[in-house]
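Visitor: Provided herewith: start09.cif, mmCIF, C-alpha atoms.
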```
data_structure
#
loop_
_atom_site.label_atom_id
_atom_site.label_comp_id
_atom_site.auth_asym_id
_atom_site.auth_seq_id
_atom_site.Cartn_x
_atom_site.Cartn_y
_atom_site.Cartn_z
CA MET A 1 -35.85 -6.41 -6.79
CA ARG A 2 -35.47 -7.24 -3.16
CA VAL A 3 -36.61 -10.62 -1.90
CA ILE A 4 -38.51 -10.14 1.33
CA PHE A 5 -40.48 -12.71 3.24
CA ASN A 6 -41.47 -10.46 6.07
CA GLU A 7 -40.79 -7.26 7.90
CA SER A 8 -38.07 -8.79 10.06
CA LEU A 9 -36.07 -9.79 7.06
CA LYS A 10 -36.58 -6.34 5.59
CA ALA A 11 -35.19 -4.82 8.79
CA VAL A 12 -32.06 -6.97 8.51
CA ALA A 13 -31.68 -6.01 4.86
CA ASP A 14 -31.88 -2.34 5.89
CA ASP A 15 -29.16 -2.94 8.49
CA LEU A 16 -26.99 -4.52 5.83
CA ASP A 17 -27.54 -1.52 3.52
CA ARG A 18 -26.49 0.71 6.40
CA MET A 19 -23.39 -1.38 6.93
CA ALA A 20 -22.46 -1.03 3.26
CA CYS A 21 -22.81 2.76 3.64
CA ASN A 22 -20.61 2.66 6.74
CA VAL A 23 -17.97 0.70 4.84
CA ARG A 24 -18.14 3.19 1.96
CA ASP A 25 -17.65 6.07 4.42
CA ALA A 26 -14.74 4.24 6.08
CA ILE A 27 -13.04 3.69 2.71
CA ARG A 28 -13.48 7.36 1.81
CA GLY A 29 -12.24 8.49 5.20
CA ALA A 30 -9.22 6.19 5.04
CA GLY A 31 -8.38 7.69 1.65
CA LYS A 32 -8.58 11.25 3.00
CA ALA A 33 -6.40 10.22 5.94
CA LEU A 34 -3.84 8.51 3.72
CA LEU A 35 -3.63 10.93 0.81
CA ASP A 36 -4.59 14.32 2.28
CA GLN A 37 -3.13 13.86 5.78
CA ASP A 38 -6.60 14.50 7.18
CA ILE A 39 -6.23 13.58 10.84
CA ASP A 40 -9.91 14.16 11.63
CA ALA A 41 -10.90 11.74 8.89
CA ALA A 42 -8.41 9.21 10.26
CA GLN A 43 -9.79 9.51 13.76
CA ALA A 44 -13.40 9.26 12.56
CA VAL A 45 -12.69 5.99 10.72
CA ILE A 46 -10.96 4.57 13.78
CA ASP A 47 -13.73 5.71 16.15
CA HIS A 48 -16.58 4.47 13.97
CA ASP A 49 -15.15 1.01 13.41
CA ALA A 50 -16.66 -0.21 16.69
CA GLU A 51 -20.10 0.76 15.33
CA VAL A 52 -19.49 -1.28 12.21
CA ASP A 53 -18.48 -4.25 14.36
CA ALA A 54 -21.58 -3.84 16.54
CA LEU A 55 -23.83 -3.65 13.50
CA SER A 56 -22.34 -6.87 12.16
CA THR A 57 -22.94 -8.63 15.47
CA SER A 58 -26.50 -7.33 15.55
CA ILE A 59 -27.17 -8.52 11.99
CA VAL A 60 -25.87 -12.02 12.75
CA ASP A 61 -27.98 -12.14 15.92
CA LYS A 62 -31.09 -11.09 14.02
CA CYS A 63 -30.40 -13.68 11.32
CA VAL A 64 -30.05 -16.44 13.90
CA GLU A 65 -33.35 -15.31 15.44
CA LEU A 66 -35.01 -15.41 12.02
CA LEU A 67 -33.66 -18.91 11.46
CA ALA A 68 -35.04 -20.02 14.83
CA ARG A 69 -38.46 -18.43 14.48
CA GLN A 70 -39.33 -18.56 10.81
CA ASN A 71 -37.90 -21.87 9.63
CA PRO A 72 -37.08 -20.27 6.28
CA VAL A 73 -36.40 -22.47 3.26
CA ALA A 74 -35.27 -21.96 -0.34
CA THR A 75 -34.68 -18.32 -1.27
CA ASP A 76 -35.38 -16.90 2.17
CA LEU A 77 -32.87 -19.26 3.76
CA ARG A 78 -30.31 -18.37 1.12
CA VAL A 79 -30.88 -14.66 1.78
CA ILE A 80 -30.44 -15.05 5.54
CA VAL A 81 -27.27 -17.15 5.34
CA SER A 82 -25.81 -14.80 2.74
CA THR A 83 -26.73 -11.78 4.84
CA MET A 84 -24.73 -13.21 7.75
CA ARG A 85 -21.75 -13.78 5.49
CA LEU A 86 -22.02 -10.33 3.91
CA SER A 87 -22.08 -8.67 7.32
CA ILE A 88 -18.91 -10.54 8.29
CA THR A 89 -17.25 -9.46 5.03
CA PHE A 90 -18.24 -5.83 5.63
CA GLU A 91 -16.93 -5.98 9.18
CA ARG A 92 -13.58 -7.10 7.83
CA MET A 93 -13.61 -4.30 5.26
CA GLY A 94 -14.16 -1.85 8.12
CA ASP A 95 -11.11 -3.31 9.88
CA LEU A 96 -8.97 -2.88 6.77
CA ALA A 97 -10.06 0.76 6.34
CA ARG A 98 -9.23 1.29 10.01
CA HIS A 99 -5.72 -0.15 9.51
CA ILE A 100 -5.10 2.39 6.72
CA ALA A 101 -6.41 5.23 8.90
CA GLU A 102 -4.19 4.09 11.78
CA ALA A 103 -1.11 4.12 9.54
CA ALA A 104 -1.96 7.68 8.47
CA ARG A 105 -2.53 8.79 12.06
CA ARG A 106 0.77 7.29 13.15
CA THR A 107 2.83 9.38 10.72
CA TYR A 108 0.70 12.56 10.86
CA PRO A 109 1.41 15.30 9.77
CA GLU A 110 3.61 13.40 7.33
CA SER A 111 2.26 10.86 4.87
CA PRO A 112 3.17 7.22 5.60
CA LEU A 113 3.95 6.88 1.88
CA PRO A 114 7.07 8.04 0.06
CA ALA A 115 6.35 10.76 -2.53
CA ASP A 116 6.96 8.46 -5.49
CA ALA A 117 4.23 6.07 -4.38
CA VAL A 118 1.45 8.59 -3.79
CA ASP A 119 0.16 8.70 -7.34
CA THR A 120 -0.38 4.94 -7.58
CA PHE A 121 -2.04 4.82 -4.18
CA ARG A 122 -4.32 7.69 -5.23
CA ARG A 123 -5.42 5.61 -8.22
CA MET A 124 -6.04 2.61 -5.95
CA GLN A 125 -8.09 4.83 -3.68
CA GLN A 126 -10.15 6.17 -6.60
CA PHE A 127 -10.81 2.60 -7.66
CA LEU A 128 -11.89 1.60 -4.14
CA GLU A 129 -14.23 4.58 -3.83
CA MET A 130 -15.89 3.60 -7.10
CA THR A 131 -16.14 0.02 -5.82
CA ALA A 132 -17.61 1.19 -2.50
CA ASP A 133 -20.29 3.20 -4.31
CA ARG A 134 -21.07 0.13 -6.38
CA LEU A 135 -21.31 -2.01 -3.22
CA VAL A 136 -23.92 0.32 -1.75
CA GLN A 137 -25.89 0.40 -4.99
CA MET A 138 -25.62 -3.37 -5.47
CA LEU A 139 -26.97 -4.03 -1.98
CA ALA A 140 -29.78 -1.51 -2.16
CA ASP A 141 -31.02 -2.82 -5.51
CA ARG A 142 -29.82 -6.44 -5.34
CA ASP A 143 -28.33 -5.54 -8.70
CA THR A 144 -26.32 -8.38 -10.26
CA HIS A 145 -25.28 -6.11 -13.13
CA VAL A 146 -23.37 -3.93 -10.65
CA ALA A 147 -22.10 -7.06 -8.90
CA ASP A 148 -20.69 -8.28 -12.22
CA GLN A 149 -18.91 -4.95 -12.70
CA ILE A 150 -17.26 -5.27 -9.28
CA ILE A 151 -16.10 -8.80 -10.07
CA ARG A 152 -14.91 -7.92 -13.57
CA ASP A 153 -12.98 -4.76 -12.67
CA ASP A 154 -11.00 -6.05 -9.68
CA ASP A 155 -8.07 -6.90 -11.96
CA GLN A 156 -7.47 -3.16 -12.30
CA LEU A 157 -6.84 -2.90 -8.56
CA ASP A 158 -4.58 -5.95 -8.67
CA GLU A 159 -2.55 -4.27 -11.45
CA LEU A 160 -2.08 -1.13 -9.37
CA HIS A 161 -1.19 -3.20 -6.33
CA LEU A 162 1.38 -5.10 -8.36
CA LYS A 163 2.88 -1.76 -9.39
CA THR A 164 3.31 -0.72 -5.74
CA MET A 165 4.90 -4.07 -4.96
CA ARG A 166 7.36 -3.73 -7.85
CA MET A 167 8.29 -0.30 -6.55
CA ALA A 168 8.88 -1.71 -3.06
CA GLN A 169 10.93 -4.64 -4.39
CA SER A 170 13.21 -2.39 -6.43
CA GLU A 171 16.60 -1.63 -4.93
CA ASP A 172 16.06 1.89 -6.37
CA PHE A 173 13.24 2.41 -3.84
CA VAL A 174 13.62 5.85 -2.25
CA GLY A 175 12.40 5.93 1.32
CA THR A 176 12.89 4.63 4.83
CA ASN A 177 12.29 1.02 5.85
CA GLN A 178 9.12 2.18 7.59
CA GLN A 179 7.87 3.75 4.35
CA LEU A 180 8.66 0.55 2.50
CA ILE A 181 6.70 -1.41 5.13
CA ASP A 182 3.76 0.98 4.77
CA VAL A 183 3.77 0.68 0.99
CA VAL A 184 3.61 -3.10 1.37
CA LEU A 185 1.01 -3.28 4.15
CA ILE A 186 -1.28 -0.44 3.03
CA GLY A 187 -1.10 -1.83 -0.51
CA ARG A 188 -2.13 -5.20 0.80
CA PHE A 189 -4.98 -3.73 2.88
CA MET A 190 -6.30 -1.98 -0.23
CA GLU A 191 -5.97 -5.07 -2.39
CA ARG A 192 -7.83 -7.07 0.28
CA LEU A 193 -10.60 -4.45 0.34
CA GLY A 194 -11.05 -5.18 -3.37
CA ASP A 195 -11.05 -8.94 -2.77
CA HIS A 196 -13.72 -8.62 -0.09
CA ALA A 197 -15.83 -6.46 -2.42
CA VAL A 198 -15.59 -9.22 -5.03
CA SER A 199 -16.58 -11.79 -2.42
CA ALA A 200 -19.61 -9.63 -1.47
CA ALA A 201 -20.54 -9.22 -5.14
CA ARG A 202 -20.43 -12.99 -5.66
CA ARG A 203 -22.68 -13.45 -2.67
CA VAL A 204 -25.25 -11.04 -4.05
CA VAL A 205 -25.20 -12.94 -7.34
CA PHE A 206 -25.92 -16.04 -5.23
CA ILE A 207 -28.81 -14.38 -3.40
CA VAL A 208 -30.44 -13.31 -6.63
CA SER A 209 -29.64 -16.19 -8.94
CA GLY A 210 -29.03 -19.15 -6.64
CA PHE A 211 -25.68 -19.75 -8.31
CA ASP A 212 -23.11 -20.35 -5.60
CA PRO A 213 -20.21 -17.95 -6.07
CA SER A 214 -18.06 -19.74 -3.49
CA LYS A 215 -17.62 -22.50 -6.06
CA GLU A 216 -15.82 -20.06 -8.32
CA PRO A 217 -12.03 -19.93 -8.08
CA ALA A 218 -10.95 -18.16 -4.89
CA ARG A 219 -10.23 -14.45 -5.15
CA ASP A 220 -7.33 -14.46 -2.77
CA GLU A 221 -4.78 -15.01 -5.48
CA GLY A 222 -2.83 -11.81 -5.46
CA THR A 223 -0.29 -11.00 -8.08
CA ASP A 224 2.64 -10.83 -5.70
CA ILE A 225 3.65 -13.40 -3.13
CA ASP A 226 0.21 -14.00 -1.66
CA MET B 1 -18.97 -33.48 25.22
CA ARG B 2 -20.23 -33.03 21.71
CA VAL B 3 -23.72 -31.70 21.19
CA ILE B 4 -25.41 -33.74 18.49
CA PHE B 5 -29.01 -33.64 17.46
CA ASN B 6 -28.75 -36.23 14.76
CA GLU B 7 -26.43 -38.13 12.47
CA SER B 8 -26.37 -35.35 9.87
CA LEU B 9 -25.02 -32.90 12.36
CA LYS B 10 -22.48 -35.46 13.49
CA ALA B 11 -21.32 -35.85 9.88
CA VAL B 12 -20.80 -32.08 9.61
CA ALA B 13 -18.92 -32.06 12.90
CA ASP B 14 -16.65 -34.80 11.54
CA ASP B 15 -16.02 -32.71 8.43
CA LEU B 16 -15.09 -29.77 10.61
CA ASP B 17 -12.68 -31.95 12.61
CA ARG B 18 -11.13 -33.03 9.34
CA MET B 19 -10.79 -29.42 8.29
CA ALA B 20 -9.01 -28.58 11.54
CA CYS B 21 -6.57 -31.45 10.83
CA ASN B 22 -6.03 -30.10 7.30
CA VAL B 23 -5.28 -26.66 8.70
CA ARG B 24 -2.84 -28.15 11.20
CA ASP B 25 -1.08 -30.03 8.38
CA ALA B 26 -0.98 -26.87 6.26
CA ILE B 27 0.58 -24.89 9.12
CA ARG B 28 3.20 -27.59 9.70
CA GLY B 29 3.94 -27.84 5.98
CA ALA B 30 4.24 -24.07 5.64
CA GLY B 31 6.74 -24.09 8.50
CA LYS B 32 8.84 -26.80 6.84
CA ALA B 33 8.73 -24.84 3.59
CA LEU B 34 9.69 -21.58 5.26
CA LEU B 35 12.33 -22.74 7.74
CA ASP B 36 13.80 -25.90 6.17
CA GLN B 37 13.50 -24.91 2.49
CA ASP B 38 11.41 -28.05 1.96
CA ILE B 39 10.04 -27.55 -1.55
CA ASP B 40 7.90 -30.70 -1.43
CA ALA B 41 6.22 -29.48 1.73
CA ALA B 42 5.60 -26.11 0.09
CA GLN B 43 4.06 -27.71 -2.98
CA ALA B 44 1.88 -30.02 -0.87
CA VAL B 45 0.44 -27.08 1.09
CA ILE B 46 -0.28 -25.20 -2.13
CA ASP B 47 -1.83 -28.24 -3.84
CA HIS B 48 -3.98 -29.24 -0.86
CA ASP B 49 -5.44 -25.79 -0.29
CA ALA B 50 -8.12 -26.42 -2.92
CA GLU B 51 -9.27 -29.41 -0.85
CA VAL B 52 -9.56 -27.24 2.25
CA ASP B 53 -11.63 -24.73 0.27
CA ALA B 54 -13.86 -27.49 -1.11
CA LEU B 55 -14.39 -28.92 2.37
CA SER B 56 -15.43 -25.50 3.65
CA THR B 57 -17.94 -25.11 0.82
CA SER B 58 -19.28 -28.58 1.49
CA ILE B 59 -19.67 -27.86 5.22
CA VAL B 60 -21.57 -24.63 4.58
CA ASP B 61 -23.82 -26.43 2.05
CA LYS B 62 -24.57 -29.19 4.56
CA CYS B 63 -25.32 -26.65 7.28
CA VAL B 64 -27.75 -24.80 5.01
CA GLU B 65 -29.41 -28.12 4.24
CA LEU B 66 -29.69 -28.88 7.96
CA LEU B 67 -31.23 -25.45 8.55
CA ALA B 68 -33.77 -26.08 5.78
CA ARG B 69 -34.70 -29.61 6.79
CA GLN B 70 -34.44 -29.72 10.55
CA ASN B 71 -35.60 -26.29 11.68
CA PRO B 72 -33.09 -26.43 14.54
CA VAL B 73 -33.45 -24.09 17.50
CA ALA B 74 -31.46 -23.20 20.62
CA THR B 75 -28.20 -25.15 20.96
CA ASP B 76 -28.52 -27.01 17.67
CA LEU B 77 -29.02 -23.78 15.77
CA ARG B 78 -26.04 -22.23 17.56
CA VAL B 79 -23.89 -25.23 16.65
CA ILE B 80 -24.85 -25.08 12.98
CA VAL B 81 -24.30 -21.34 12.60
CA SER B 82 -21.00 -21.59 14.46
CA THR B 83 -19.93 -24.54 12.33
CA MET B 84 -20.43 -22.46 9.19
CA ARG B 85 -18.36 -19.66 10.66
CA LEU B 86 -15.63 -22.01 11.86
CA SER B 87 -15.33 -23.57 8.42
CA ILE B 88 -14.92 -20.10 6.88
CA THR B 89 -12.23 -19.26 9.47
CA PHE B 90 -10.39 -22.52 8.73
CA GLU B 91 -10.57 -21.86 5.01
CA ARG B 92 -8.90 -18.50 5.57
CA MET B 93 -6.22 -20.16 7.73
CA GLY B 94 -5.52 -22.54 4.86
CA ASP B 95 -5.09 -19.52 2.55
CA LEU B 96 -2.61 -17.93 4.94
CA ALA B 97 -0.56 -21.13 5.22
CA ARG B 98 -0.57 -21.30 1.43
CA HIS B 99 0.73 -17.72 1.19
CA ILE B 100 3.69 -18.69 3.40
CA ALA B 101 4.36 -21.82 1.32
CA GLU B 102 4.22 -19.75 -1.87
CA ALA B 103 6.78 -17.29 -0.51
CA ALA B 104 9.09 -20.19 0.33
CA ARG B 105 8.61 -21.76 -3.10
CA ARG B 106 9.35 -18.46 -4.84
CA THR B 107 12.81 -18.12 -3.25
CA TYR B 108 13.73 -21.84 -3.21
CA PRO B 109 16.42 -23.06 -2.66
CA GLU B 110 17.08 -19.90 -0.65
CA SER B 111 15.01 -18.88 2.36
CA PRO B 112 12.77 -15.84 1.83
CA LEU B 113 13.97 -14.62 5.24
CA PRO B 114 17.27 -12.93 6.07
CA ALA B 115 19.44 -15.01 8.42
CA ASP B 116 18.91 -12.67 11.39
CA ALA B 117 15.15 -13.17 11.28
CA VAL B 118 15.06 -16.96 11.14
CA ASP B 119 15.22 -17.58 14.88
CA THR B 120 12.20 -15.39 15.67
CA PHE B 121 10.19 -16.90 12.83
CA ARG B 122 11.09 -20.37 14.11
CA ARG B 123 9.63 -19.44 17.48
CA MET B 124 6.48 -18.10 15.81
CA GLN B 125 6.21 -21.35 13.88
CA GLN B 126 6.61 -23.42 17.06
CA PHE B 127 3.87 -21.37 18.65
CA LEU B 128 1.56 -21.86 15.67
CA GLU B 129 2.15 -25.62 15.61
CA MET B 130 1.19 -25.79 19.29
CA THR B 131 -1.88 -23.70 18.54
CA ALA B 132 -2.82 -25.91 15.58
CA ASP B 133 -2.61 -29.02 17.78
CA ARG B 134 -4.81 -27.28 20.30
CA LEU B 135 -7.32 -26.35 17.58
CA VAL B 136 -7.68 -29.98 16.58
CA GLN B 137 -8.06 -31.10 20.19
CA MET B 138 -10.49 -28.29 20.99
CA LEU B 139 -12.71 -29.19 18.05
CA ALA B 140 -12.66 -32.93 18.66
CA ASP B 141 -13.55 -32.57 22.33
CA ARG B 142 -15.46 -29.24 22.28
CA ASP B 143 -12.99 -28.42 25.01
CA THR B 144 -13.36 -24.87 26.34
CA HIS B 145 -10.31 -25.33 28.55
CA VAL B 146 -8.14 -25.71 25.46
CA ALA B 147 -10.04 -22.86 23.81
CA ASP B 148 -9.18 -20.64 26.77
CA GLN B 149 -5.50 -21.55 26.41
CA ILE B 150 -5.56 -20.53 22.74
CA ILE B 151 -7.17 -17.19 23.60
CA ARG B 152 -4.87 -16.53 26.55
CA ASP B 153 -1.57 -17.38 24.84
CA ASP B 154 -2.02 -15.41 21.61
CA ASP B 155 -0.17 -12.45 23.16
CA GLN B 156 3.01 -14.51 22.91
CA LEU B 157 2.64 -14.64 19.13
CA ASP B 158 1.91 -10.92 19.00
CA GLU B 159 5.12 -10.28 20.96
CA LEU B 160 7.17 -12.31 18.50
CA HIS B 161 5.47 -10.60 15.58
CA LEU B 162 6.27 -7.20 17.10
CA LYS B 163 9.89 -8.29 17.34
CA THR B 164 10.00 -9.08 13.61
CA MET B 165 8.38 -5.72 12.84
CA ARG B 166 10.94 -3.86 14.94
CA MET B 167 13.69 -5.66 13.07
CA ALA B 168 12.15 -4.64 9.73
CA GLN B 169 11.67 -1.03 10.81
CA SER B 170 15.27 -0.67 11.93
CA GLU B 171 17.60 1.10 9.55
CA ASP B 172 20.18 -1.50 10.66
CA PHE B 173 18.12 -4.19 8.89
CA VAL B 174 20.46 -6.43 6.88
CA GLY B 175 18.84 -7.78 3.75
CA THR B 176 17.30 -6.92 0.41
CA ASN B 177 14.05 -5.02 -0.02
CA GLN B 178 12.42 -8.29 -1.01
CA GLN B 179 13.59 -9.91 2.24
CA LEU B 180 12.23 -6.97 4.19
CA ILE B 181 8.90 -7.35 2.39
CA ASP B 182 8.85 -11.06 3.19
CA VAL B 183 9.59 -10.44 6.86
CA VAL B 184 6.65 -8.03 6.98
CA LEU B 185 4.15 -10.10 4.98
CA ILE B 186 5.04 -13.55 6.31
CA GLY B 187 5.04 -12.10 9.83
CA ARG B 188 1.60 -10.70 9.22
CA PHE B 189 0.33 -14.01 7.78
CA MET B 190 1.53 -15.81 10.90
CA GLU B 191 0.04 -13.23 13.24
CA ARG B 192 -3.27 -13.51 11.36
CA LEU B 193 -3.15 -17.31 11.72
CA GLY B 194 -3.02 -16.73 15.47
CA ASP B 195 -5.90 -14.25 15.33
CA HIS B 196 -8.05 -16.70 13.41
CA ALA B 197 -7.24 -19.44 15.93
CA VAL B 198 -8.43 -17.10 18.69
CA SER B 199 -11.59 -16.38 16.73
CA ALA B 200 -12.20 -20.13 16.34
CA ALA B 201 -11.57 -20.68 20.05
CA ARG B 202 -14.10 -17.98 20.96
CA ARG B 203 -16.64 -19.64 18.70
CA VAL B 204 -16.17 -22.99 20.42
CA VAL B 205 -16.67 -21.28 23.77
CA PHE B 206 -19.92 -19.94 22.29
CA ILE B 207 -21.04 -23.36 21.08
CA VAL B 208 -20.48 -24.92 24.46
CA SER B 209 -21.48 -22.11 26.80
CA GLY B 210 -23.85 -19.93 24.77
CA PHE B 211 -21.71 -16.90 25.60
CA ASP B 212 -21.21 -14.94 22.40
CA PRO B 213 -17.50 -14.42 21.80
CA SER B 214 -18.11 -11.91 19.00
CA LYS B 215 -19.14 -9.44 21.68
CA GLU B 216 -15.63 -9.57 23.09
CA PRO B 217 -13.19 -6.94 21.87
CA ALA B 218 -12.01 -7.76 18.35
CA ARG B 219 -8.75 -9.67 18.05
CA ASP B 220 -7.53 -7.84 15.02
CA GLU B 221 -5.61 -5.30 17.03
CA GLY B 222 -2.05 -6.02 16.07
CA THR B 223 0.83 -4.48 17.88
CA ASP B 224 2.19 -2.69 14.85
CA ILE B 225 0.30 -0.50 12.44
CA ASP B 226 -2.68 -2.77 11.98
#
```
Can you give me the file's structure in the form of structure tokens?
Guide:
Amino acid sequence: MRVIFNESLKAVADDLDRMACNVRDAIRGAGKALLDQDIDAAQAVIDHDAEVDALSTSIVDKCVELLARQNPVATDLRVIVSTMRLSITFERMGDLARHIAEAARRTYPESPLPADAVDTFRRMQQFLEMTADRLVQMLADRDTHVADQIIRDDDQLDELHLKTMRMAQSEDFVGTNQQLIDVVLIGRFMERLGDHAVSAARRVVFIVSGFDPSKEPARDEGTDID
Amino acid sequence: MRVIFNESLKAVADDLDRMACNVRDAIRGAGKALLDQDIDAAQAVIDHDAEVDALSTSIVDKCVELLARQNPVATDLRVIVSTMRLSITFERMGDLARHIAEAARRTYPESPLPADAVDTFRRMQQFLEMTADRLVQMLADRDTHVADQIIRDDDQLDELHLKTMRMAQSEDFVGTNQQLIDVVLIGRFMERLGDHAVSAARRVVFIVSGFDPSKEPARDEGTDID
């Protein structure tokens, strides 16, 4: 069920759905760039990020206009404020996908990752693609069941991230310093994508139920040094 | 000049000032933890981060209440929306300072950094402490001149960060894998602190002038792979 108080708010909700789709495409493209050395996919993610940023700005502008004109209260107000915050979260997710694509472009036609790390990163990528699909579905349907799945499953990504960090910390690590740096930074970008998805899921729970997810323990409690 | 439309908005502005002071203290404490192996400073930053998070939540709640009750328009609306966004930025800055403090606590009584890197990190820290002082002043006075200084000078931090990344990338790097990881991640946390300060400065320019800083090119364009 989508809560709508008028056509303007519906238009903003449609923009937000579009943004979620853009983020899903960016995550998929970043994965192709990283794991299949797909330079076209890398470039597309990098090129499209400006659109994601512009869409976020446009959504915030429209929300401010709605606040000015409609004097929304209760649920409508909650939806508008949450929509602004979701668009900012999605913008940041677009940035993170772009960082991964940029790392892949930099080392093309080689992978930025050492061979031993590829399998774990592929599993992280599979997880993020599942999460991105869930994000799109959650937004389109305001589905708290899907939101709960995103929140619940994020530990799996943290586990995989921890595995990449253990590999990087090991003095048996096989690879150049640059590869070690990429394992650490790309791993962190992917883990942060998961954290932002959790943050978005909590916000959708808030929109639908009125329970404020920001009063839950913070998600940014990674399993390594952060 | 501070734009106030009533006492409630003034109370929120005071909270935001307090949050800026908390962030400044967290940045200073993280620096003491990182560079002077001050375990008490590290623990204080880690313990106080929950307060910073709670203050951010409280500010957003109060802003939503103001939006519901006051139906603000024009400048007042801009101030409230920007205040919400500033509080979210400050919360994230608190997280980043905590990450640095946690890295220092993990390796105590040793430094997480290899000896060769300490000097550059000390310069980054000095820069961030200057920036944190400016943030507090900018907020208290809604001073766009100080905001402009923050925006203009961030390149200096990016330069220092690039220097740490070049050190890490070099096959002549002297240190363990874990030290290399810490150089990369702590460097990134510090660079991101600078980016968030720039974002906050742009938002204050927006509050005062009405010029939307989010339509400027994004700041998250690091000089290394991100």
Visitor: If you take only C-alpha atoms and a cut-off of 8 Å, which residues of chain B touch chain A, and what are their nearest atom pairs and distances in Å to one decimal, in chain and number order, as a tab-separated table?
Guide:
```
residue	atom	partner	partner_atom	distance
B:Ala54	CA	A:Lys215	CA	8.0
B:Thr57	CA	A:Ser214	CA	6.9
B:Val64	CA	A:Leu77	CA	7.6
B:Leu67	CA	A:Leu67	CA	7.6
B:Ala68	CA	A:Val73	CA	5.1
B:Asn71	CA	A:Asn71	CA	5.4
B:Pro72	CA	A:Ala68	CA	6.7
B:Val73	CA	A:Ala68	CA	5.1
B:Ala74	CA	A:Ala68	CA	7.5
B:Leu77	CA	A:Ala68	CA	7.2
B:Arg78	CA	A:Val64	CA	7.9
B:Val81	CA	A:Val64	CA	7.7
B:Asp95	CA	A:Asp220	CA	7.7
B:Arg98	CA	A:Asp226	CA	8.0
B:His99	CA	A:Asp226	CA	4.7
B:Ile100	CA	A:Asp226	CA	7.7
B:Glu102	CA	A:Ile225	CA	6.5
B:Ala103	CA	A:Ile225	CA	5.6
B:Arg106	CA	A:Ile225	CA	7.8
B:Ala168	CA	A:Asn177	CA	6.9
B:Gln169	CA	A:Gln178	CA	5.2
B:Ser170	CA	A:Asn177	CA	7.0
B:Glu171	CA	A:Asn177	CA	6.5
B:Thr176	CA	A:Glu171	CA	7.5
B:Asn177	CA	A:Gln169	CA	5.4
B:Gln178	CA	A:Gln169	CA	5.2
B:Leu180	CA	A:Ile181	CA	7.9
B:Ile181	CA	A:Val184	CA	6.9
B:Val184	CA	A:Ile181	CA	6.9
B:Leu185	CA	A:Leu185	CA	7.6
B:Ser214	CA	A:Thr57	CA	6.8
B:Lys215	CA	A:Thr57	CA	7.3
B:Asp220	CA	A:Asp95	CA	7.7
B:Ile225	CA	A:Ala103	CA	5.6
B:Asp226	CA	A:His99	CA	4.7
```
Visitor: Kindly save the residues from that selection, with C-alpha atoms included, as a short mmCIF file (atom, residue, chain, number, x, y, z; two decimals), in the coordinates of the input.
Guide:
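Ended up saving to selection-v9.cif:
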```cif
data_model
loop_
_atom_site.label_atom_id
_atom_site.label_comp_id
_atom_site.auth_asym_id
_atom_site.auth_seq_id
_atom_site.Cartn_x
_atom_site.Cartn_y
_atom_site.Cartn_z
CA ALA B 54 -13.86 -27.49 -1.11
CA THR B 57 -17.94 -25.11 0.82
CA VAL B 64 -27.75 -24.80 5.01
CA LEU B 67 -31.23 -25.45 8.55
CA ALA B 68 -33.77 -26.08 5.78
CA ASN B 71 -35.60 -26.29 11.68
CA PRO B 72 -33.09 -26.43 14.54
CA VAL B 73 -33.45 -24.09 17.50
CA ALA B 74 -31.46 -23.20 20.62
CA LEU B 77 -29.02 -23.78 15.77
CA ARG B 78 -26.04 -22.23 17.56
CA VAL B 81 -24.30 -21.34 12.60
CA ASP B 95 -5.09 -19.52 2.55
CA ARG B 98 -0.57 -21.30 1.43
CA HIS B 99 0.73 -17.72 1.19
CA ILE B 100 3.69 -18.69 3.40
CA GLU B 102 4.22 -19.75 -1.87
CA ALA B 103 6.78 -17.29 -0.51
CA ARG B 106 9.35 -18.46 -4.84
CA ALA B 168 12.15 -4.64 9.73
CA GLN B 169 11.67 -1.03 10.81
CA SER B 170 15.27 -0.67 11.93
CA GLU B 171 17.60 1.10 9.55
CA THR B 176 17.30 -6.92 0.41
CA ASN B 177 14.05 -5.02 -0.02
CA GLN B 178 12.42 -8.29 -1.01
CA LEU B 180 12.23 -6.97 4.19
CA ILE B 181 8.90 -7.35 2.39
CA VAL B 184 6.65 -8.03 6.98
CA LEU B 185 4.15 -10.10 4.98
CA SER B 214 -18.11 -11.91 19.00
CA LYS B 215 -19.14 -9.44 21.68
CA ASP B 220 -7.53 -7.84 15.02
CA ILE B 225 0.30 -0.50 12.44
CA ASP B 226 -2.68 -2.77 11.98
#
```
Visitor: Enter the distance from atom CA of Arg28 of chain A to atom CA of Leu162 of chain B, in Å, rounded to one decimal.
Guide: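 Atom-to-atom, atom CA of Arg28 of chain A and atom CA of Leu162 of chain B are spaced 28.9 Å apart.
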Visitor: Specify as a ChimeraX atom specification each residue included when the PyMOL selection byres ((chain B and resi 20) around 8) is applied to this file.
Guide: /B:16-19,21-24,90,132,135-136,139
Visitor: Could you pull the residues within 9 Å of segment 143-146 of chain A, counting all atoms listed in the file, minus those fewer than 6 positions along the same chain, as JSON, numbers by chain?
Guide: {"A": [1, 134, 135, 137, 201, 202, 204, 205, 208, 209]}
Visitor: Pick out the residues sitting within 10 Å of Asp116 of chain A, and hand them over as a count of residues only; count only C-alpha atoms, and ignore anything fewer than 2 positions along from it in its own chain.
Guide: 11
Visitor: Set the distance at 10 Å and use only C-alpha atoms: which residues neighbour Asp38 of chain B once local chain neighbours fewer than 6 positions away are removed? I'd like the list as a ChimeraX atom specification.
Guide: /B:29-32,101,104-105,108-109,111
